[in-house]
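Q: The structure file coords_27.tsv (TSV, C-alpha atoms and all ligand atoms) is provided below.
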chain	number	residue	atom	x	y	z
A	1	MET	CA	-14.93	13.61	4.94
A	2	SER	CA	-13.85	16.72	6.75
A	3	GLY	CA	-11.51	17.63	9.59
A	4	THR	CA	-7.80	17.32	10.15
A	5	ILE	CA	-6.04	14.18	8.94
A	6	LEU	CA	-2.47	13.19	9.72
A	7	VAL	CA	-0.79	11.20	6.93
A	8	THR	CA	2.47	9.24	7.23
A	9	GLY	CA	4.25	8.17	4.05
A	10	ALA	CA	2.70	11.23	2.40
A	11	THR	CA	5.48	11.45	-0.19
A	12	GLY	CA	4.88	7.88	-1.42
A	13	LEU	CA	2.77	6.56	-4.29
A	14	VAL	CA	-0.43	6.15	-2.29
A	15	GLY	CA	0.28	9.05	0.07
A	16	ALA	CA	0.69	11.68	-2.66
A	17	ALA	CA	-2.50	10.62	-4.43
A	18	LEU	CA	-4.41	10.54	-1.14
A	19	VAL	CA	-3.16	13.95	0.00
A	20	SER	CA	-4.36	15.48	-3.29
A	21	ARG	CA	-7.77	13.85	-3.00
A	22	LEU	CA	-8.34	14.69	0.68
A	23	SER	CA	-7.24	18.29	0.16
A	24	GLU	CA	-9.57	18.66	-2.83
A	25	SER	CA	-12.43	17.40	-0.69
A	26	GLY	CA	-11.82	20.10	1.91
A	27	CYS	CA	-9.83	18.26	4.59
A	28	ARG	CA	-6.87	19.78	6.30
A	29	VAL	CA	-4.01	17.34	5.65
A	30	VAL	CA	-1.00	17.28	7.93
A	31	ALA	CA	1.98	15.26	6.77
A	32	LEU	CA	4.01	13.57	9.49
A	33	ARG	CA	7.35	14.10	7.84
A	34	HIS	CA	10.64	12.40	8.37
A	35	ALA	CA	12.93	14.79	10.16
A	36	PRO	CA	15.99	14.46	12.35
A	37	PRO	CA	15.40	14.80	16.11
A	38	GLY	CA	15.32	18.41	17.19
A	39	ASP	CA	13.87	19.82	13.97
A	40	GLY	CA	11.09	21.81	15.54
A	41	SER	CA	9.05	22.86	12.49
A	42	GLY	CA	5.70	21.05	12.72
A	43	PRO	CA	4.81	17.40	13.28
A	44	SER	CA	7.71	15.12	12.45
A	45	TRP	CA	9.12	11.72	13.31
A	46	ASP	CA	12.19	9.61	13.03
A	47	PRO	CA	10.94	6.04	13.60
A	48	ALA	CA	14.42	4.50	13.46
A	49	ASN	CA	15.41	6.64	16.47
A	50	ARG	CA	12.05	6.26	18.22
A	51	GLN	CA	11.30	9.97	17.94
A	52	VAL	CA	7.86	11.33	17.24
A	53	HIS	CA	6.62	14.87	17.62
A	54	LEU	CA	2.88	15.39	17.20
A	55	ASP	CA	2.12	19.09	17.51
A	56	PRO	CA	-0.24	19.30	20.54
A	57	ALA	CA	-1.78	22.43	19.00
A	58	ILE	CA	-3.13	20.34	16.12
A	59	SER	CA	-6.23	18.38	17.01
A	60	LEU	CA	-6.46	15.29	14.80
A	61	ASP	CA	-9.69	13.72	13.58
A	62	ALA	CA	-8.07	10.84	11.72
A	63	VAL	CA	-4.72	9.27	10.83
A	64	VAL	CA	-3.73	7.47	7.65
A	65	HIS	CA	-0.53	5.53	8.24
A	66	LEU	CA	1.24	4.47	5.05
A	67	ALA	CA	4.94	4.75	5.87
A	68	GLY	CA	7.30	1.86	5.31
A	69	GLU	CA	10.61	1.06	3.68
A	70	SER	CA	10.08	-0.14	0.10
A	71	ILE	CA	10.09	-3.93	-0.38
A	72	ALA	CA	11.08	-3.52	-4.06
A	73	GLN	CA	14.77	-4.17	-3.52
A	74	ARG	CA	17.05	-7.11	-2.74
A	75	TRP	CA	16.44	-8.17	0.83
A	76	LYS	CA	19.87	-8.15	2.39
A	77	ARG	CA	19.87	-8.57	6.16
A	78	ALA	CA	19.95	-4.83	6.84
A	79	THR	CA	17.19	-4.25	4.28
A	80	ARG	CA	14.95	-6.85	5.93
A	81	GLU	CA	15.47	-5.10	9.24
A	82	ARG	CA	14.51	-1.74	7.73
A	83	ILE	CA	11.45	-3.24	6.02
A	84	ARG	CA	10.29	-4.81	9.27
A	85	ASN	CA	11.27	-2.11	11.75
A	86	SER	CA	9.95	0.80	9.69
A	87	ARG	CA	6.52	-0.87	9.78
A	88	VAL	CA	6.38	-2.66	13.13
A	89	ASP	CA	8.34	-0.23	15.32
A	90	GLY	CA	7.01	2.77	13.37
A	91	THR	CA	3.39	1.69	13.90
A	92	GLY	CA	3.96	0.94	17.60
A	93	LEU	CA	5.65	4.31	18.15
A	94	LEU	CA	2.91	6.25	16.38
A	95	CYS	CA	0.09	4.38	18.15
A	96	GLU	CA	1.66	4.93	21.56
A	97	ALA	CA	1.99	8.64	20.83
A	98	LEU	CA	-1.63	8.82	19.63
A	99	SER	CA	-2.90	6.92	22.67
A	100	GLN	CA	-1.19	9.46	24.93
A	101	SER	CA	-2.36	12.55	23.09
A	102	PRO	CA	-5.01	14.62	24.92
A	103	ARG	CA	-7.50	14.48	22.03
A	104	ARG	CA	-7.24	11.21	20.19
A	105	PRO	CA	-8.30	10.75	16.58
A	106	ARG	CA	-11.46	8.71	15.99
A	107	VAL	CA	-9.95	6.48	13.34
A	108	MET	CA	-6.60	5.23	12.11
A	109	VAL	CA	-6.35	3.67	8.65
A	110	CYS	CA	-3.14	1.66	8.35
A	111	ALA	CA	-1.53	0.12	5.30
A	112	SER	CA	-0.92	-3.62	5.37
A	113	ALA	CA	-0.44	-5.96	2.43
A	114	THR	CA	-1.77	-9.10	0.78
A	115	GLY	CA	1.71	-10.39	1.60
A	116	PHE	CA	-0.05	-11.37	4.86
A	117	TYR	CA	-1.39	-14.50	3.08
A	118	GLY	CA	1.95	-15.74	1.69
A	119	ASP	CA	2.22	-18.23	-1.19
A	120	ARG	CA	-1.16	-20.04	-1.41
A	121	GLY	CA	-1.55	-21.35	-4.97
A	122	GLY	CA	-5.15	-21.08	-6.25
A	123	GLU	CA	-6.84	-20.88	-2.83
A	124	VAL	CA	-9.32	-18.01	-2.69
A	125	LEU	CA	-8.31	-15.84	0.26
A	126	ASP	CA	-10.70	-13.57	2.13
A	127	GLU	CA	-10.23	-11.69	5.38
A	128	GLN	CA	-11.09	-14.87	7.35
A	129	SER	CA	-8.13	-16.73	5.82
A	130	GLY	CA	-5.15	-17.25	8.09
A	131	PRO	CA	-1.66	-15.90	7.50
A	132	GLY	CA	0.91	-17.65	5.34
A	133	THR	CA	4.51	-18.43	6.17
A	134	GLY	CA	7.64	-16.50	5.24
A	135	PHE	CA	9.13	-13.06	5.75
A	136	LEU	CA	6.23	-11.00	4.35
A	137	PRO	CA	3.47	-12.81	6.27
A	138	GLU	CA	5.51	-12.47	9.45
A	139	VAL	CA	6.06	-8.72	8.85
A	140	CYS	CA	2.39	-8.12	8.01
A	141	GLN	CA	1.15	-9.92	11.14
A	142	ALA	CA	3.53	-7.97	13.37
A	143	TRP	CA	2.67	-4.71	11.51
A	144	GLU	CA	-1.06	-5.16	12.17
A	145	ALA	CA	-0.48	-6.31	15.77
A	146	ALA	CA	1.65	-3.22	16.45
A	147	ALA	CA	-1.49	-1.04	16.24
A	148	ALA	CA	-2.74	-2.57	19.54
A	149	PRO	CA	-2.11	0.59	21.63
A	150	ALA	CA	-4.42	2.57	19.33
A	151	ARG	CA	-7.13	-0.12	19.41
A	152	GLN	CA	-6.90	-0.46	23.18
A	153	CYS	CA	-7.57	3.23	23.73
A	154	GLY	CA	-10.69	3.16	21.58
A	155	ILE	CA	-9.39	4.38	18.22
A	156	ARG	CA	-11.12	2.56	15.36
A	157	VAL	CA	-8.28	0.86	13.44
A	158	VAL	CA	-8.60	-0.40	9.86
A	159	HIS	CA	-5.84	-2.45	8.22
A	160	LEU	CA	-5.92	-2.20	4.44
A	161	ARG	CA	-4.33	-5.36	3.04
A	162	LEU	CA	-3.22	-3.81	-0.22
A	163	GLY	CA	-2.52	-5.78	-3.36
A	164	ILE	CA	-0.17	-4.54	-6.10
A	165	VAL	CA	-1.12	-0.89	-6.56
A	166	LEU	CA	-1.23	0.01	-10.25
A	167	ALA	CA	-0.14	3.47	-11.35
A	168	ARG	CA	1.90	4.71	-14.27
A	169	HIS	CA	4.23	6.93	-12.27
A	170	GLY	CA	5.20	4.65	-9.38
A	171	GLY	CA	5.14	1.24	-7.77
A	172	ALA	CA	5.53	-2.12	-9.50
A	173	LEU	CA	3.91	-1.17	-12.81
A	174	ALA	CA	6.18	1.83	-13.32
A	175	GLY	CA	9.15	-0.49	-12.72
A	176	MET	CA	7.92	-2.89	-15.41
A	177	LEU	CA	7.02	-0.36	-18.09
A	178	PRO	CA	10.49	0.31	-19.57
A	179	ALA	CA	11.06	-3.40	-20.37
A	180	PHE	CA	7.50	-3.89	-21.65
A	181	ARG	CA	7.78	-0.80	-23.88
A	182	LEU	CA	10.87	-2.39	-25.48
A	183	GLY	CA	8.92	-5.60	-26.09
A	184	LEU	CA	10.93	-7.31	-23.33
A	185	GLY	CA	8.02	-7.98	-20.99
A	186	ALA	CA	8.34	-11.50	-19.60
A	187	ARG	CA	6.17	-13.99	-17.77
A	188	LEU	CA	7.79	-14.83	-14.42
A	189	GLY	CA	8.32	-18.47	-13.51
A	190	GLY	CA	5.40	-20.62	-14.68
A	191	GLY	CA	3.16	-17.54	-14.87
A	192	ASN	CA	0.37	-19.41	-13.05
A	193	GLN	CA	0.86	-17.57	-9.77
A	194	TYR	CA	-2.00	-15.24	-8.84
A	195	TRP	CA	-1.28	-11.54	-8.45
A	196	SER	CA	-3.83	-9.48	-6.55
A	197	TRP	CA	-3.88	-5.93	-7.86
A	198	ILE	CA	-5.83	-2.69	-7.51
A	199	ALA	CA	-5.78	0.64	-9.37
A	200	LEU	CA	-4.38	3.57	-7.36
A	201	GLU	CA	-7.64	5.49	-7.81
A	202	ASP	CA	-9.57	2.67	-6.13
A	203	VAL	CA	-7.06	2.54	-3.25
A	204	VAL	CA	-7.74	6.22	-2.55
A	205	ARG	CA	-11.50	5.55	-2.65
A	206	VAL	CA	-11.11	2.66	-0.17
A	207	VAL	CA	-9.13	4.88	2.21
A	208	GLU	CA	-11.92	7.48	2.03
A	209	LEU	CA	-14.49	4.77	2.75
A	210	ALA	CA	-12.48	3.49	5.71
A	211	LEU	CA	-12.20	7.02	7.12
A	212	LYS	CA	-15.95	7.61	6.80
A	213	ASP	CA	-17.56	4.30	7.76
A	214	ASP	CA	-17.78	4.19	11.54
A	215	GLY	CA	-18.72	0.49	11.47
A	216	LEU	CA	-15.56	-0.64	9.71
A	217	SER	CA	-12.54	-1.93	11.61
A	218	GLY	CA	-9.96	-4.70	11.29
A	219	ALA	CA	-8.56	-6.18	8.09
A	220	VAL	CA	-9.93	-5.18	4.68
A	221	ASN	CA	-8.58	-6.83	1.54
A	222	THR	CA	-7.90	-3.87	-0.73
A	223	VAL	CA	-7.75	-5.50	-4.14
A	224	ALA	CA	-9.78	-5.71	-7.35
A	225	PRO	CA	-12.63	-8.28	-7.32
A	226	GLU	CA	-10.66	-10.75	-9.46
A	227	ALA	CA	-6.97	-11.51	-9.04
A	228	THR	CA	-5.07	-12.22	-12.25
A	229	THR	CA	-2.32	-14.70	-13.04
A	230	ASN	CA	1.14	-13.37	-13.78
A	231	ALA	CA	0.82	-14.69	-17.36
A	232	ALA	CA	-2.50	-12.85	-17.89
A	233	PHE	CA	-1.04	-9.69	-16.34
A	234	THR	CA	1.98	-9.91	-18.68
A	235	HIS	CA	-0.13	-10.41	-21.79
A	236	GLY	CA	-2.65	-7.75	-20.75
A	237	LEU	CA	0.05	-5.15	-20.19
A	238	ALA	CA	1.80	-5.98	-23.47
A	239	ARG	CA	-1.53	-5.78	-25.31
A	240	ALA	CA	-2.32	-2.39	-23.76
A	241	LEU	CA	1.10	-1.14	-24.91
A	242	ARG	CA	0.73	-2.85	-28.32
A	243	ARG	CA	3.99	-4.69	-27.79
A	244	PRO	CA	4.80	-8.40	-27.90
A	245	ALA	CA	5.53	-10.37	-24.72
A	246	PHE	CA	6.93	-13.72	-25.83
A	247	LEU	CA	9.60	-14.02	-23.17
A	248	ALA	CA	9.55	-16.04	-19.95
A	249	LEU	CA	11.97	-15.67	-17.06
A	250	PRO	CA	12.31	-19.05	-15.33
A	251	ALA	CA	11.89	-19.15	-11.56
A	252	PHE	CA	15.62	-19.79	-10.95
A	253	ALA	CA	16.45	-16.63	-12.95
A	254	VAL	CA	13.88	-14.57	-11.00
A	255	ILE	CA	15.47	-15.77	-7.76
A	256	ALA	CA	19.00	-15.15	-9.07
A	257	LEU	CA	18.03	-11.59	-10.07
A	258	PHE	CA	15.84	-10.60	-7.14
A	259	GLY	CA	16.70	-13.07	-4.35
A	260	GLN	CA	14.09	-13.78	-1.66
A	261	MET	CA	12.05	-10.76	-2.80
A	262	GLY	CA	11.60	-12.53	-6.14
A	263	ARG	CA	10.48	-15.71	-4.40
A	264	GLU	CA	8.02	-14.05	-2.00
A	265	ALA	CA	6.74	-11.10	-4.02
A	266	LEU	CA	7.01	-12.10	-7.70
A	267	LEU	CA	6.67	-15.89	-7.76
A	268	ALA	CA	4.31	-16.30	-4.79
A	269	SER	CA	0.61	-16.85	-5.54
A	270	ALA	CA	-2.08	-14.99	-3.58
A	271	ARG	CA	-5.61	-15.08	-5.00
A	272	VAL	CA	-7.12	-12.49	-2.70
A	273	ARG	CA	-10.80	-11.54	-2.77
A	274	PRO	CA	-12.09	-8.22	-1.35
A	275	GLU	CA	-14.92	-9.97	0.49
A	276	ARG	CA	-15.64	-7.19	2.97
A	277	LEU	CA	-15.59	-4.40	0.37
A	278	LEU	CA	-17.94	-6.38	-1.88
A	279	LYS	CA	-20.32	-7.10	1.02
A	280	MET	CA	-20.36	-3.39	1.82
A	281	GLY	CA	-21.41	-2.66	-1.76
A	282	PHE	CA	-18.15	-0.94	-2.71
A	283	LYS	CA	-18.05	-0.53	-6.48
A	284	HIS	CA	-14.55	-0.61	-7.89
A	285	ARG	CA	-14.03	1.96	-10.63
A	286	PHE	CA	-11.58	-0.50	-12.17
A	287	PRO	CA	-12.76	-4.07	-11.58
A	288	ASP	CA	-11.25	-5.15	-14.90
A	289	LEU	CA	-7.49	-5.32	-15.51
A	290	ASP	CA	-7.57	-4.39	-19.21
A	291	ALA	CA	-9.69	-1.30	-18.50
A	292	ALA	CA	-7.33	-0.37	-15.65
A	293	PHE	CA	-4.26	-0.68	-17.91
A	294	ASN	CA	-5.91	1.40	-20.64
A	295	HIS	CA	-6.91	4.14	-18.20
A	296	ILE	CA	-3.55	4.21	-16.43
A	297	LEU	CA	-1.46	4.13	-19.60
A	298	ALA	CA	-3.51	6.95	-21.08
A	299	GLY	CA	-2.03	9.04	-18.26
A	300	ASN	CA	-5.29	9.58	-16.43
A	301	ASN	CA	-4.05	8.87	-12.94
A	302	ARG	CA	-0.88	10.94	-12.84
A	303	THR	CA	-0.77	12.59	-9.45
A	304	ASN	CA	0.90	15.94	-9.48
A	305	HIS	CA	3.37	15.62	-6.62
A	306	ASP	CA	3.96	19.39	-6.56
A	307	GLN	CA	0.24	19.95	-6.19
A	308	ALA	CA	0.16	17.37	-3.40
A	309	ALA	CA	3.12	19.00	-1.69
A	310	LYS	CA	1.36	22.37	-1.79
A	311	ALA	CA	-1.74	20.79	-0.28
A	312	TRP	CA	0.14	19.62	2.80
A	313	ASP	CA	-0.12	21.62	5.92
A	314	THR	CA	2.99	20.92	7.94
A	315	ARG	CA	2.84	24.00	10.13
A	401	LIG	N1	2.32	0.14	-3.69
A	401	LIG	C1	1.98	-1.13	-3.55
A	401	LIG	O1	1.86	-1.88	-4.54
A	401	LIG	C2	1.72	-1.69	-2.17
A	401	LIG	C3	1.28	-3.01	-2.05
A	401	LIG	C4	1.06	-3.53	-0.78
A	401	LIG	C5	1.27	-2.75	0.34
A	401	LIG	N2	1.70	-1.47	0.19
A	401	LIG	C6	1.96	-0.68	1.40
A	401	LIG	O2	1.25	0.54	1.38
A	401	LIG	C7	2.05	1.59	1.95
A	401	LIG	C8	2.11	2.73	0.97
A	401	LIG	O3	2.60	2.22	-0.26
A	401	LIG	P1	3.33	3.17	-1.32
A	401	LIG	O4	3.39	2.41	-2.59
A	401	LIG	O5	2.75	4.53	-1.27
A	401	LIG	O6	4.80	3.19	-0.70
A	401	LIG	P2	6.04	4.09	-1.15
A	401	LIG	O7	5.75	4.82	-2.41
A	401	LIG	O8	7.25	3.21	-1.09
A	401	LIG	O9	6.09	5.19	0.00
A	401	LIG	C9	6.24	4.82	1.33
A	401	LIG	C10	6.58	6.06	2.15
A	401	LIG	O10	7.01	5.62	3.43
A	401	LIG	C11	8.01	6.50	3.94
A	401	LIG	N3	9.22	5.68	4.18
A	401	LIG	C12	10.08	5.15	3.28
A	401	LIG	N4	11.07	4.48	3.90
A	401	LIG	C13	10.81	4.59	5.22
A	401	LIG	C14	11.47	4.12	6.39
A	401	LIG	N5	12.59	3.39	6.31
A	401	LIG	N6	10.92	4.42	7.59
A	401	LIG	C15	9.76	5.14	7.68
A	401	LIG	N7	9.12	5.63	6.61
A	401	LIG	C16	9.63	5.35	5.40
A	401	LIG	C17	8.25	7.55	2.88
A	401	LIG	O11	7.38	8.65	3.14
A	401	LIG	P3	7.84	10.00	3.90
A	401	LIG	O12	9.11	10.42	3.25
A	401	LIG	O13	6.70	10.93	3.65
A	401	LIG	O14	8.02	9.62	5.33
A	401	LIG	C18	7.74	6.89	1.60
A	401	LIG	O15	7.34	7.83	0.65
A	401	LIG	C19	3.42	0.99	2.26
A	401	LIG	O16	3.48	0.71	3.64
A	401	LIG	C20	3.43	-0.30	1.47
A	401	LIG	O17	4.15	-1.35	2.09
A	401	LIG	C21	1.91	-0.91	-1.03
Since I need it in another form, could you write the structure as C-alpha cells?
A:
Amino acid sequence: MSGTILVTGATGLVGAALVSRLSESGCRVVALRHAPPGDGSGPSWDPANRQVHLDPAISLDAVVHLAGESIAQRWKRATRERIRNSRVDGTGLLCEALSQSPRRPRVMVCASATGFYGDRGGEVLDEQSGPGTGFLPEVCQAWEAAAAPARQCGIRVVHLRLGIVLARHGGALAGMLPAFRLGLGARLGGGNQYWSWIALEDVVRVVELALKDDGLSGAVNTVAPEATTNAAFTHGLARALRRPAFLALPAFAVIALFGQMGREALLASARVRPERLLKMGFKHRFPDLDAAFNHILAGNNRTNHDQAAKAWDTR
C-alpha cells in the first residue's frame, strides 16, 4: 500500500496501531483530528457541529474511518445520542465532503461492529445474515447506510464489522485485566453467550487488505474464525494470567452495574464467522484465543502512541 491515507479516530486503539503500521509501510498518513471550528491548522473536523475541513492541497488515495464515541460506558440518553450521532452523522458528513472533493479517494474503509447482528444465541452469522434488534443493531445499520454518498460517487466502501478487539493497552481486554489479575475475573450471566473477538494485529492486517483489494466492498466480518463463549473467554484469560476465575456475575447484576450496555454488549450472544475473509484466503495470525492471550499478555502488541503521533502528518 502506498499513497496518502486519511484516518479518522487516529488516536483510538485501532487508529494508533494502524497509523504506526501504515507509516512503517511507507504511506503518508493524515489524521483528521477533532478541532473546534476555525482552527485552521491542517485537516480537521467537528462532527457534532457539522464542520469538516479537508485540506484541498492534500490529494487523498484512501480513507480509513474509525471515529466514534466509545460504547464502553453507561448508556444514558445523552450518551446514546453521542454514540449514534458520532457514527451516523459523522459518517454522512465525511462522505458528503469526500464526494464533493475535486479528487476523490479510491477507497473508504469504515469501522462497523458485530453489534449489527444483535443477540442471536448459537446461530452462526455470516455477512448474509440479517441485522438483529436493539440499539446497537439500529446504530450499525444507520452507520453503514450513512456511507451512501461515498458509494454513490464511485468510492469503493468497505464496512468492517469488528468483533471485540483484543489488546493489552486498550479496549475491552484492558478494562478486564485489573480484576482478572486480582483473581476476580467472573463469568457474566450464564456464560453461554458467544463473543466474537479478534486480535488487534489481525484488525490492522484486515484494514490493509481492504485498502489493497480492489474487488472488495460491502460488509466484512472482522473476527477470528471461531467465536468463543463468555465462559471459555473467562477461563482462557484467567489461565493465561495464571489466576483463578471461580466467580460468576449473574445477569441481573451485570444489568444493574452496566445497564443496557451490559444487556446488549456483555450478555448478548453473537457467533460471527468471517466468511468473506476465509473465502479470500485471509490467514489470521491469531485464529486461536489462547495463543492470542499469550501473545498479547507477553506485551507483544503494545503500540507506541508517541511513535504513532510522530508518524501522523497533519500539516
Ligand atoms: N475496539 C473494539 O473492540 C471495537 C469493536 C467493534 C467496533 N469497534 C469500532 O471500531 C472503531 C475504532 O475502535 P477503537 O477501539 O479504536 O475506538 P476508540 O479507541 O474508542 O477510539 C475511537 C476514536 O474516535 C474518536 N472519537 C471519540 N469520541 C468521538 C465522538 N464523540 N465523535 C467523533 N469522534 C470521536 C477519537 O479519535 P480522535 O480523537 O482521533 O478523533 C477516538 O480515539 C470505533 O468506531 C468502534 O466503534 C471497535
Q: How many Å lie between atom N4 of ligand LIG 401 (chain A) and CA of Leu32 in chain A, rounded to one decimal?
A: 12.8 Å
Q: At a cut-off of 6 Å and counting only C-alpha atoms and all ligand atoms, what residues surround ligand LIG 401 (chain A)? Please answer as a list in words.
A: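 For ligand LIG 401 (chain A), the residues inside 6 Å are Thr8, Gly9, Ala10, Thr11, Gly12, Leu13, Val14, Gly15, Arg33, His34, Leu66, Ala67, Gly68, Glu69, Ser70, Arg82, Ser86, Ala111, Ser112, Ala113, Leu162, Gly163, Ile164, Val165 and Gly171 of chain A.
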Q: Within 7 Å of Ala227 in chain A, counting only C-alpha atoms, which residues qualify if same-chain residues fewer than 3 places away don't, as an mmCIF file with C-alpha atoms, in the frame of the given file?
A:
data_model
loop_
_atom_site.group_PDB
_atom_site.id
_atom_site.type_symbol
_atom_site.label_atom_id
_atom_site.label_comp_id
_atom_site.auth_asym_id
_atom_site.auth_seq_id
_atom_site.Cartn_x
_atom_site.Cartn_y
_atom_site.Cartn_z
ATOM 1 C CA TYR A 194 -2.000 -15.240 -8.840
ATOM 2 C CA TRP A 195 -1.280 -11.540 -8.450
ATOM 3 C CA SER A 196 -3.830 -9.480 -6.550
ATOM 4 C CA TRP A 197 -3.880 -5.930 -7.860
ATOM 5 C CA ALA A 224 -9.780 -5.710 -7.350
ATOM 6 C CA ARG A 271 -5.610 -15.080 -5.000
ATOM 7 C CA VAL A 272 -7.120 -12.490 -2.700
#
Q: Report, in Å with one decimal, the straight-line distance from CA of Arg74 in chain A to CA of Met261 in chain A.
A: 6.2 Å
Q: Neighbours of Leu267 in chain A within 12 Å (all atoms listed in the file; same-chain residues fewer than 2 positions away dropped), as a ChimeraX atom specification?
A: /A:115,118-121,187-195,229-231,249-255,258-265,269-270
Q: Got a sec: who's within 8 Å of Val52 in chain A, counting only C-alpha atoms, leaving out chain neighbours fewer than 4 positions off, as a VMD selection string?
A: chain A and resid 43 to 47 93 to 94 97
Q: Using all atoms listed in the file, find the one residue out of A:Gln51, A:Val107, A:Gln100, A:Arg87 that sits nearest to Glu138 in chain A.
A: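 Of all the options, A:Arg87 lies closest to Glu138 in chain A.
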Q: Would you compute the distance between CA of Thr133 in chain A and CA of Phe116 in chain A? Give it in Å to one decimal.
A: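 Those two atoms sit 8.5 Å apart.
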Q: Any idea what's packed within 8 Å of Cys95 in chain A, counting all atoms listed in the file, ignoring anything in its chain fewer than 6 positions away? Could you give it as a PyMOL selection string?
A: chain A and resi 146-150
Q: Pull the neighbourhood of (-2.5, 8.1, 10.5) for me: all residues within 6 Å in file coordinates, counting all atoms listed in the file, as a ChimeraX atom specification.
A: /A:6-7,63-65,108
Q: Limited to C-alpha atoms, could you put the picked residues into a file as a PDB file, keeping the file's coordinate frame?
A:
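Now in part.pdb:
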ATOM      1  CA  LEU A   6      -2.470  13.190   9.720  1.00  0.00           C
ATOM      2  CA  VAL A   7      -0.790  11.200   6.930  1.00  0.00           C
ATOM      3  CA  VAL A  63      -4.720   9.270  10.830  1.00  0.00           C
ATOM      4  CA  VAL A  64      -3.730   7.470   7.650  1.00  0.00           C
ATOM      5  CA  HIS A  65      -0.530   5.530   8.240  1.00  0.00           C
ATOM      6  CA  MET A 108      -6.600   5.230  12.110  1.00  0.00           C
TER       7      MET A 108
END
Q: Any idea what's packed within 8 Å of Leu216 in chain A, counting only C-alpha atoms, ignoring anything in its chain fewer than 5 positions away? Could you give it as an MDAnalysis selection string?
A: chainID A and resid 156 158 210
Q: From the list A:Leu278, A:Leu184, A:Leu160, A:Ala72, which residue is nearest Val207 in chain A when using only C-alpha atoms?
A: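 Ranked by minimum distance to Val207 in chain A, first place goes to A:Leu160.
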Q: Could range 236-253 of chain A be completed with N, CA and C atoms and written as a PDB file, keeping the file's coordinate frame, please?
A:
ATOM      1  N   GLY A 236      -1.764  -8.917 -20.777  1.00  0.00           N
ATOM      2  CA  GLY A 236      -2.650  -7.750 -20.750  1.00  0.00           C
ATOM      3  C   GLY A 236      -1.861  -6.450 -20.869  1.00  0.00           C
ATOM      4  N   LEU A 237      -0.758  -6.371 -20.151  1.00  0.00           N
ATOM      5  CA  LEU A 237       0.050  -5.150 -20.190  1.00  0.00           C
ATOM      6  C   LEU A 237       0.674  -4.965 -21.580  1.00  0.00           C
ATOM      7  N   ALA A 238       1.193  -6.061 -22.127  1.00  0.00           N
ATOM      8  CA  ALA A 238       1.800  -5.980 -23.470  1.00  0.00           C
ATOM      9  C   ALA A 238       0.746  -5.561 -24.500  1.00  0.00           C
ATOM     10  N   ARG A 239      -0.447  -6.118 -24.382  1.00  0.00           N
ATOM     11  CA  ARG A 239      -1.530  -5.780 -25.310  1.00  0.00           C
ATOM     12  C   ARG A 239      -1.882  -4.289 -25.186  1.00  0.00           C
ATOM     13  N   ALA A 240      -1.965  -3.798 -23.961  1.00  0.00           N
ATOM     14  CA  ALA A 240      -2.320  -2.390 -23.760  1.00  0.00           C
ATOM     15  C   ALA A 240      -1.252  -1.468 -24.357  1.00  0.00           C
ATOM     16  N   LEU A 241      -0.007  -1.946 -24.359  1.00  0.00           N
ATOM     17  CA  LEU A 241       1.100  -1.140 -24.910  1.00  0.00           C
ATOM     18  C   LEU A 241       1.334  -1.436 -26.395  1.00  0.00           C
ATOM     19  N   ARG A 242       0.560  -2.375 -26.934  1.00  0.00           N
ATOM     20  CA  ARG A 242       0.730  -2.850 -28.320  1.00  0.00           C
ATOM     21  C   ARG A 242       2.173  -3.297 -28.576  1.00  0.00           C
ATOM     22  N   ARG A 243       2.645  -4.113 -27.673  1.00  0.00           N
ATOM     23  CA  ARG A 243       3.990  -4.690 -27.790  1.00  0.00           C
ATOM     24  C   ARG A 243       3.867  -6.201 -27.613  1.00  0.00           C
ATOM     25  N   PRO A 244       4.832  -6.962 -28.142  1.00  0.00           N
ATOM     26  CA  PRO A 244       4.800  -8.400 -27.900  1.00  0.00           C
ATOM     27  C   PRO A 244       5.293  -8.726 -26.488  1.00  0.00           C
ATOM     28  N   ALA A 245       4.962  -9.897 -26.003  1.00  0.00           N
ATOM     29  CA  ALA A 245       5.530 -10.370 -24.720  1.00  0.00           C
ATOM     30  C   ALA A 245       5.690 -11.885 -24.848  1.00  0.00           C
ATOM     31  N   PHE A 246       6.719 -12.289 -25.578  1.00  0.00           N
ATOM     32  CA  PHE A 246       6.930 -13.720 -25.830  1.00  0.00           C
ATOM     33  C   PHE A 246       7.851 -14.350 -24.780  1.00  0.00           C
ATOM     34  N   LEU A 247       8.517 -13.501 -24.017  1.00  0.00           N
ATOM     35  CA  LEU A 247       9.600 -14.020 -23.170  1.00  0.00           C
ATOM     36  C   LEU A 247       9.061 -14.611 -21.866  1.00  0.00           C
ATOM     37  N   ALA A 248       9.867 -15.492 -21.280  1.00  0.00           N
ATOM     38  CA  ALA A 248       9.550 -16.040 -19.950  1.00  0.00           C
ATOM     39  C   ALA A 248      10.848 -16.087 -19.166  1.00  0.00           C
ATOM     40  N   LEU A 249      10.796 -15.625 -17.939  1.00  0.00           N
ATOM     41  CA  LEU A 249      11.970 -15.670 -17.060  1.00  0.00           C
ATOM     42  C   LEU A 249      11.753 -16.826 -16.093  1.00  0.00           C
ATOM     43  N   PRO A 250      12.550 -17.899 -16.216  1.00  0.00           N
ATOM     44  CA  PRO A 250      12.310 -19.050 -15.330  1.00  0.00           C
ATOM     45  C   PRO A 250      12.489 -18.674 -13.860  1.00  0.00           C
ATOM     46  N   ALA A 251      11.869 -19.469 -13.000  1.00  0.00           N
ATOM     47  CA  ALA A 251      11.890 -19.150 -11.560  1.00  0.00           C
ATOM     48  C   ALA A 251      13.313 -18.998 -11.038  1.00  0.00           C
ATOM     49  N   PHE A 252      14.247 -19.887 -11.490  1.00  0.00           N
ATOM     50  CA  PHE A 252      15.620 -19.790 -10.950  1.00  0.00           C
ATOM     51  C   PHE A 252      16.248 -18.444 -11.327  1.00  0.00           C
ATOM     52  N   ALA A 253      15.887 -17.916 -12.527  1.00  0.00           N
ATOM     53  CA  ALA A 253      16.450 -16.630 -12.950  1.00  0.00           C
ATOM     54  C   ALA A 253      15.833 -15.485 -12.142  1.00  0.00           C
TER      55      ALA A 253
END
